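Asks: My structure is below; once you've seen it, I'll send some questions.
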Amino acid sequence: MARLIRKRETLLFLIIVVMIAIFSTRAADFATPENLAGIFNDTSILIILALAQMTVILTKSIDLSVAANLAFTGMAIAMMNAAYPDLPLVVLILAAIVIGACLGAINGFLVWALEIPPIVVTLGTLTIYRGMAFVLSGGAWVNAHQMTPIFLSVPRTPILGLPVLGWVGIVIVLLMYVLLRYTQFGRSAYATGGNPTAAVYAGIDTGWTKFLAFVLSGALAGLASYLWVSRYAVAYVDIANGFELDSVAACVIGGISIAGGVGSVAGTVLGALFLGVIKNALPVIGISPFTQMAISGTVIILAVAFNARRERNRGRIILRDRAAAEIRTEAAA
């Protein structure tokens with residue numbers, strides 16, 4: 001039991017349960033199944049973006065342009081829907097995924113082929129993609145009355161008490177779990193971030209792995225762009241502003257190491273849900289938006305400190321075990 005509690009995911013899950021219990025004392029309906037389903041639905045887009053971010057961070061990179069990708073792609077498909085209302089919805093969704101993947105491929109190419117640090121590349125493309133969204137739209141908004149009813153209604157349609165948006169989030173979580181745990185790409189991503197030198201000796205193309213991680217991140221951002229625009233029935237330049245930091249925060253809180261190679265899909269999902277519970281609960285109990293930002297920032301710092309301490313302890317254990325093995329070897333000799 002003690003070993004189970006020491007696991008990061010179990011501890012984070014228990015913290016979320018305690019938070020829900022505490023918040024429910026201030027708001028009686030907070031812990032109802034309907035409200036919890038609503039929180040999960042509201043957090044689904046953040047979960048998808050956090051999983052996109054996780055994939056990149058595992059390879060010892062970072063994608064600060066993921067929300068800007070969402071903004072540009074969301075604006076593009078919203079304008080496509082407004083200009084060509086007869087286009088099938090599946091075509092628009094595929095277009096969103098392809099556009100997002102192409103923007104991710106630009107990041108991946110610059111990191112892989114030109115060996116520019118990922119934080120520099122994505123900080124630059126963050127601004128570029130936001131600017132592209134402004135140029136594409138001329139600064140104008142695409143509102144609900146310009147979009148077709150089916151474009152807006154599908155993610156909101158409830159199935160078994162949960163909107164399609166929430167079910168899409170669940171499907172993406174399951175697909176990412178299988179991809180990162182059971183495929184060659186997943187093993188390569190962990191190896192690339194965990195020990196790049198050993199990965200190269202094992203025959204893994206670390207540059208190509210990082211490129212694929214950025215493409216996947218972009219594709220997920222593209223899918224999230226449609227979900228965002230249809231969920232909120234509006235597209236404008238600043239949508240999802242700040243979500244790149246929220247996606248990083250969800251990963252860090254969930255135990256994803258910024259140094260790469262460490263973390264799990266479950267941890268990332270729980271990290272996103274942790275932020276989702278806080279963002280839904282604090283306004284209910286009368287906490288101002290500025291205080292919410294301070295609380296979120298404090299949580300991020302504490303999570304980073306916890307991760308750093310855990311990694312130092314793991315290193316000490318490895319060194320201690322190695323020293324013990326050397327002592328046994330000398331004694332046997």
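Quick note on naming: the chains in the structure tokens go A, B, ... in the order shown, residues restart at 1 in each chain, and ligands are numbered from 1 in order of appearance.
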Please run DSSP on the backbone and report, as a compact mmCIF listing (two decimals) with C-alpha atoms, in the first residue's frame, all residues within region 47-192 of chain A that come out as strand (DSSP E).
Replies:
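That gives us out-v2.txt:
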# COMPACT_ATOMS: atom_id res chain seq x y z
CA VAL A 142 -15.51 34.12 -37.43
CA ASN A 143 -18.70 33.92 -35.38
CA PRO A 158 -24.09 14.03 -25.66
CA ILE A 159 -23.46 10.28 -25.72
CA LEU A 162 -20.77 12.88 -21.95
CA PRO A 163 -20.45 15.17 -25.01
Asks: Would you return as a PyMOL selection string the members of region 1-47 of chain A that DSSP assigns to helix (DSSP H, G or I) on this structure's backbone?
Replies: chain A and resi 2-6+8-26+33-47
Asks: Neighbouring residues of region 169-175 of chain A were defined as those with any atom within 12 Å, considering only C-alpha atoms; residues of the same chain fewer than 3 positions away were excluded. Please report them as JSON, numbers by chain.
Replies: {"A": [40, 41, 42, 43, 44, 45, 46, 47, 48, 49, 50, 51, 52, 54, 155, 162, 163, 164, 165, 166, 178, 179, 180, 181, 182, 183, 186, 216, 219, 220, 221, 223, 224, 227, 264, 265, 266, 267, 268, 269, 270, 272, 273]}
Asks: Determine the nearest neighbour of Ile16 (chain A) from the options A:Leu160, A:Ala294, A:Ala233, A:Leu36, counting only C-alpha atoms.
Replies: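 Result for the nearest residue to Ile16 (chain A): A:Leu36.
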Asks: If you take only C-alpha atoms and a cut-off of 12 Å, which residues of region 228-298 of chain A touch region 89-102 of chain A, and what are their nearest atom pairs and distances in Å to one decimal, in chain and number order, as CSV?
Replies:
residue,atom,partner,partner_atom,distance
A:Trp228,CA,A:Ala96,CA,11.6
A:Val229,CA,A:Ala96,CA,11.2
A:Ser230,CA,A:Ile93,CA,11.0
Asks: Mind checking which residues fall within 12 Å of Ala144 (chain A), counting only C-alpha atoms, ignoring those fewer than 6 positions away in the same chain, and posting them as a list in words?
Replies: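 My list of contacting residues is Ala78, Met79, Asn81, Ala82, Ile150, Phe151, Leu152, Ser153, Val229, Ser230, Arg231, Tyr232, Ala233, Val234, Ala235 and Tyr236 of chain A.
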Asks: Measuring between only C-alpha atoms, which one of A:Thr25, A:Thr157, A:Thr192, A:Asn107 shows the shortest distance to Ile128 (chain A)?
Replies: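 Checking each candidate against Ile128 (chain A), we get A:Asn107 as the closest.
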Asks: Could you jot down the CA of Ala67 (chain A) to CA of Met176 (chain A) separation for me, Å, one decimal place?
Replies: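 According to the coordinates, CA of Ala67 (chain A) and CA of Met176 (chain A) are separated by 19.1 Å.
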Asks: Nearest to Val299 (chain A) among A:Leu64, A:Ala27, A:Ala113, A:Ile253, with distances taken over only C-alpha atoms: which residue is it?
Replies: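 The answer is A:Ile253, which sits nearest to Val299 (chain A).
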Asks: How close does each residue of region 70-132 of chain A get to region 203-215 of chain A, giving the shortest atom pair and distance in Å to one decimal for every residue with an atom at most 6 Å away, counting only C-alpha atoms, sorted by chain and residue number, as a tab-separated table?
Replies:
residue	atom	partner	partner_atom	distance
A:Ala101	CA	A:Val215	CA	4.9
A:Gly104	CA	A:Val215	CA	4.5
A:Ala105	CA	A:Val215	CA	4.8
A:Gly108	CA	A:Phe211	CA	4.1
A:Trp112	CA	A:Gly207	CA	4.9
Asks: Let me see the file: selected residues, N, CA, C and O atoms, as a compact mmCIF listing (two decimals), in the first residue's frame.
Replies:
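What follows is the written file result_12.txt:
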# COMPACT_ATOMS: atom_id res chain seq x y z
N ALA A 101 -0.36 19.27 -38.58
CA ALA A 101 0.83 18.43 -38.74
C ALA A 101 1.89 19.14 -39.58
O ALA A 101 3.09 19.01 -39.29
N GLY A 104 3.60 21.58 -37.39
CA GLY A 104 4.49 20.83 -36.51
C GLY A 104 5.72 20.36 -37.25
O GLY A 104 6.83 20.34 -36.68
N ALA A 105 5.57 19.98 -38.52
CA ALA A 105 6.70 19.51 -39.33
C ALA A 105 7.72 20.63 -39.53
O ALA A 105 8.93 20.36 -39.60
N GLY A 108 9.71 20.62 -36.44
CA GLY A 108 10.55 19.43 -36.42
C GLY A 108 11.72 19.52 -37.37
O GLY A 108 12.84 19.10 -37.05
N TRP A 112 15.52 19.31 -36.30
CA TRP A 112 16.24 18.12 -36.78
C TRP A 112 17.34 18.49 -37.77
O TRP A 112 18.53 18.21 -37.54
Asks: Of the candidates A:Asn280, A:Ser296, A:Thr127, A:Thr197, which shows the shortest atom-to-atom distance to Ala31 (chain A), using only C-alpha atoms?
Replies: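 Checking each candidate against Ala31 (chain A), we get A:Asn280 as the closest.
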Asks: Rounded to one decimal, what separation in Å do you get between CA of Phe185 (chain A) and CA of Val262 (chain A)?
Replies: 15.0 Å
Asks: If you count only C-alpha atoms, which residues fall within 8 Å of Gly260 (chain A), apart from same-chain ones fewer than 5 positions away, as a PyMOL selection string?
Replies: chain A and resi 57-61+190+192-194
Asks: Can you spit out the residues from that selection as a PDB file, in the first residue's frame, using all heavy atoms?
Replies:
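That gives us result11.pdb:
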ATOM      1  N   ILE A  57       8.266  16.640 -25.221  1.00  0.00           N
ATOM      2  CA  ILE A  57       9.134  16.734 -24.048  1.00  0.00           C
ATOM      3  C   ILE A  57       9.867  15.421 -23.805  1.00  0.00           C
ATOM      4  O   ILE A  57      11.020  15.418 -23.362  1.00  0.00           O
ATOM      5  CB  ILE A  57       8.313  17.147 -22.807  1.00  0.00           C
ATOM      6  CG1 ILE A  57       7.837  18.598 -22.956  1.00  0.00           C
ATOM      7  CG2 ILE A  57       9.142  17.021 -21.534  1.00  0.00           C
ATOM      8  CD1 ILE A  57       6.948  19.068 -21.823  1.00  0.00           C
ATOM      9  N   LEU A  58       9.219  14.298 -24.099  1.00  0.00           N
ATOM     10  CA  LEU A  58       9.879  13.010 -23.916  1.00  0.00           C
ATOM     11  C   LEU A  58      11.177  12.919 -24.716  1.00  0.00           C
ATOM     12  O   LEU A  58      12.125  12.238 -24.309  1.00  0.00           O
ATOM     13  CB  LEU A  58       8.945  11.870 -24.332  1.00  0.00           C
ATOM     14  CG  LEU A  58       7.845  11.481 -23.350  1.00  0.00           C
ATOM     15  CD1 LEU A  58       6.982  10.374 -23.948  1.00  0.00           C
ATOM     16  CD2 LEU A  58       8.397  11.052 -22.007  1.00  0.00           C
ATOM     17  N   THR A  59      11.228  13.607 -25.861  1.00  0.00           N
ATOM     18  CA  THR A  59      12.426  13.570 -26.701  1.00  0.00           C
ATOM     19  C   THR A  59      13.432  14.650 -26.313  1.00  0.00           C
ATOM     20  O   THR A  59      14.355  14.940 -27.065  1.00  0.00           O
ATOM     21  CB  THR A  59      12.052  13.746 -28.182  1.00  0.00           C
ATOM     22  OG1 THR A  59      11.505  15.052 -28.389  1.00  0.00           O
ATOM     23  CG2 THR A  59      11.044  12.707 -28.623  1.00  0.00           C
ATOM     24  N   LYS A  60      13.233  15.250 -25.150  1.00  0.00           N
ATOM     25  CA  LYS A  60      14.118  16.305 -24.640  1.00  0.00           C
ATOM     26  C   LYS A  60      13.984  17.584 -25.458  1.00  0.00           C
ATOM     27  O   LYS A  60      14.968  18.288 -25.717  1.00  0.00           O
ATOM     28  CB  LYS A  60      15.582  15.839 -24.620  1.00  0.00           C
ATOM     29  CG  LYS A  60      16.415  16.437 -23.507  1.00  0.00           C
ATOM     30  CD  LYS A  60      17.772  15.763 -23.407  1.00  0.00           C
ATOM     31  CE  LYS A  60      18.528  16.270 -22.184  1.00  0.00           C
ATOM     32  NZ  LYS A  60      19.824  15.555 -21.999  1.00  0.00           N
ATOM     33  N   SER A  61      12.741  17.885 -25.871  1.00  0.00           N
ATOM     34  CA  SER A  61      12.448  19.107 -26.611  1.00  0.00           C
ATOM     35  C   SER A  61      11.264  19.784 -25.923  1.00  0.00           C
ATOM     36  O   SER A  61      10.823  19.355 -24.858  1.00  0.00           O
ATOM     37  CB  SER A  61      12.122  18.789 -28.072  1.00  0.00           C
ATOM     38  OG  SER A  61      13.183  18.101 -28.696  1.00  0.00           O
ATOM     39  N   TYR A 190      11.217   7.692 -25.794  1.00  0.00           N
ATOM     40  CA  TYR A 190      11.756   7.580 -24.435  1.00  0.00           C
ATOM     41  C   TYR A 190      13.276   7.470 -24.460  1.00  0.00           C
ATOM     42  O   TYR A 190      13.976   8.088 -23.644  1.00  0.00           O
ATOM     43  CB  TYR A 190      11.153   6.374 -23.722  1.00  0.00           C
ATOM     44  CG  TYR A 190       9.798   6.629 -23.112  1.00  0.00           C
ATOM     45  CD1 TYR A 190       8.639   6.234 -23.763  1.00  0.00           C
ATOM     46  CD2 TYR A 190       9.681   7.262 -21.877  1.00  0.00           C
ATOM     47  CE1 TYR A 190       7.385   6.469 -23.216  1.00  0.00           C
ATOM     48  CE2 TYR A 190       8.433   7.508 -21.310  1.00  0.00           C
ATOM     49  CZ  TYR A 190       7.291   7.107 -21.980  1.00  0.00           C
ATOM     50  OH  TYR A 190       6.053   7.353 -21.423  1.00  0.00           O
ATOM     51  N   THR A 192      15.350   8.511 -26.825  1.00  0.00           N
ATOM     52  CA  THR A 192      15.954   9.757 -27.313  1.00  0.00           C
ATOM     53  C   THR A 192      16.082  10.778 -26.198  1.00  0.00           C
ATOM     54  O   THR A 192      17.105  11.476 -26.084  1.00  0.00           O
ATOM     55  CB  THR A 192      15.117  10.337 -28.469  1.00  0.00           C
ATOM     56  OG1 THR A 192      15.123   9.415 -29.560  1.00  0.00           O
ATOM     57  CG2 THR A 192      15.665  11.673 -28.936  1.00  0.00           C
ATOM     58  N   GLY A 193      15.058  10.886 -25.357  1.00  0.00           N
ATOM     59  CA  GLY A 193      15.119  11.844 -24.262  1.00  0.00           C
ATOM     60  C   GLY A 193      15.876  11.334 -23.061  1.00  0.00           C
ATOM     61  O   GLY A 193      16.551  12.098 -22.364  1.00  0.00           O
ATOM     62  N   GLY A 194      15.806  10.026 -22.817  1.00  0.00           N
ATOM     63  CA  GLY A 194      16.436   9.466 -21.626  1.00  0.00           C
ATOM     64  C   GLY A 194      17.941   9.381 -21.732  1.00  0.00           C
ATOM     65  O   GLY A 194      18.672   9.736 -20.799  1.00  0.00           O
TER      66      GLY A 194
END
Asks: At a cut-off of 9 Å, using only C-alpha atoms, what residues contact Gly139 (chain A)? Leave out same-chain residues fewer than 4 positions from it and give the result as an NGL selection string.
Replies: :A and (133-135 or 236-237)
